[in-house]
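Q: Once you've had a glance at the structure underneath, I'll fire off some questions.
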Amino acid sequence: MNFENMTYTEFLLLLFTSISIGLVIGLYLFGNFKNITILEALNGFKKNFKYVLGLGLILLAIVIENATHTILDPFTTDYTPLICALSMNGAIVEAVQTFRTPAMDMFFIVIYIYFYIFMLLFTPLLYAVRDDKKHIKQYMLAMLIAYAIMMTFYLLFPVKTTGQSGLINAYPVLYSNPNLLEFVLAFDPLDNCFPSGHVAGPVLTTMLLFPIRDHKNYKRFAYFTLIISALVIMSVIYLGIHWEIDVIAGIGVAFISVWLVRNKRFRESLDTFLINIKFKSNNR
């Protein structure tokens, strides 16, 4: 499929239509509805819809962070040369891209764009329809922590993508398509590389689903996220988007976020903090 032959509106329509269809198919494949009825699933979604909307806060924060780059640019340093040096001057990216083919380009573009968005939306949707408050709260809190960490780096530690850094043999595969470039620029000014959010999100999702014995209702989805996470890591290198240091840092952010949401002391401290805020608000 050649995205260049589409208008940007047609591209967006195709993307969001296919994602909507994918969400329905995903519920059929991974919902494990043997123990709940369709009506119970709809009620579960209704009761937990506020948590699904939590993703909107993350997207809003990303858009705001993107807009502030032009304001902060004069006060920040470009750390791309440092990350480039730590990443062997892009040797791995250049080596991977020697195996480029049009079919592989399309495959990894779909992994990077489609399946990342699918996992971001589908995970809370799946927990919501199953009325799984424990795991949807855990997922949303982990995502909020992860993006709070990453956006701090994006604002104060800008790093350009490998394809935009001037490396001779690193080609910006994803950004060579005008429709894909316009879509990405809505959320990323191309210097939000360190850590990799595209890596942190899927890895975080996968980690929360393991060990399998504690998530029997999500066994198939857990293995699916494991495969997609591995492919996303490959895609960000292949497409000329991230340095391997970005990938390692993204995995690190995922580990920290999951550790915090599973840490009893952290959860108790957060609950106390939220209760105090609510108490003060009610007494004003």
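Chain labels run A, B, ... following the order of the structure tokens; each chain numbers its residues from 1, and ligands are numbered from 1 in the order shown.
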Near stretch 237-248 of chain A, counting only C-alpha atoms, which residues have an atom at most 7 Å away, once you skip same-chain residues fewer than 5 positions from it, shown as a tab-separated table (two decimals) with C-alpha atoms, in the first residue's frame?
A:
```tsv
chain	number	residue	atom	x	y	z
A	83	ILE	CA	23.74	9.84	22.50
A	87	SER	CA	25.48	4.41	20.45
A	90	GLY	CA	24.80	4.78	14.81
A	93	VAL	CA	21.17	1.49	12.88
A	96	VAL	CA	20.21	-2.96	10.27
A	97	GLN	CA	19.23	-0.68	7.39
A	161	THR	CA	16.09	10.83	15.64
A	162	THR	CA	18.82	8.83	13.95
A	163	GLY	CA	17.40	9.63	10.52
A	170	ALA	CA	20.86	6.14	8.42
A	171	TYR	CA	17.78	6.74	6.29
A	172	PRO	CA	14.60	8.25	7.83
A	173	VAL	CA	12.29	5.55	6.46
A	174	LEU	CA	9.20	6.61	8.38
A	193	CYS	CA	14.16	10.34	21.31
A	194	PHE	CA	15.51	9.68	24.78
A	195	PRO	CA	13.97	7.57	26.30
A	196	SER	CA	11.89	5.80	23.64
A	199	VAL	CA	9.46	1.06	23.55
```
Q: Excluding same-chain residues fewer than 6 positions from A:Thr205, what lies within 8 Å of it counting only C-alpha atoms, as a VMD selection string?
A: chain A and resid 123 139 225
Q: Per residue of stretch 125-180 of chain A within 9 Å of stretch 28-36 of chain A, note the shortest atom pair and the distance in Å to one decimal, counting only C-alpha atoms, and order the rows by chain and increasing residue number, as CSV.
A:
```
residue,atom,partner,partner_atom,distance
A:Leu126,CA,A:Gly31,CA,6.5
A:Tyr127,CA,A:Gly31,CA,8.9
A:Val129,CA,A:Gly31,CA,8.3
A:Arg130,CA,A:Ile36,CA,7.7
```
Q: Given the choices A:Ile136, A:Leu270, A:Leu121, A:Val232, which gets closest to A:Ser20 if the distance is worked out from only C-alpha atoms?
A: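 Closest to A:Ser20 of all the choices is A:Leu121.
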Q: Running DSSP on the backbone, which parts of stretch 8-187 of chain A land in helix (DSSP H, G or I), as a ChimeraX atom specification?
A: /A:8-30,33-35,38-52,54-75,80-86,88-97,102-129,133-156,162-164,174-176,178-185
Q: So how far away is atom CA of A:Asp132 from atom CA of A:Lys50, in Å?
A: 13.1 Å
Q: Pick the closest to A:Phe210 from A:Val258, A:Leu53, A:Leu181, A:Ile228: which is it, counting only C-alpha atoms?
A: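 With only C-alpha atoms as the atom set, the closest residue is A:Val258.
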Q: Under the rule that only C-alpha atoms are counted, which of A:Pro81, A:Gly26, A:Pro74, A:Gly56 is the nearest residue to A:Ser165?
A: A:Pro81
Q: So what do you get for atom CA of A:Ser235 versus atom CA of A:Gln164, distance-wise?
A: 16.2 Å
Q: Report as number ranges by chain all protein, DNA and RNA residues lying within 7 Å of A:Phe157, evaluated on only C-alpha atoms, omitting residues in the same chain fewer than 3 positions from it.
A: A: 79, 153-154
Q: For A:Gly22, work out the shell of residues within 9 Å, counting only C-alpha atoms and skipping chain neighbours fewer than 4 positions away, then give it as a ChimeraX atom specification.
A: /A:17-18,26-27,118,122
Q: Provide the atom CA of A:Thr206 to atom CA of A:Tyr114 distance in Å, to one decimal place.
A: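 Distance between the two atoms: 17.2 Å.
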Q: Determine the nearest neighbour of A:Leu15 from the options A:Val159, A:Leu180, A:Leu125, A:Ile71, counting only C-alpha atoms.
A: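 Closest to A:Leu15, using only C-alpha atoms: A:Leu180.
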Q: Rank A:Ala186, A:Leu141, A:Val24, A:Met106 by their smallest atom-to-atom distance to A:Ala67, using only C-alpha atoms, and report the top residue only.
A: A:Ala186
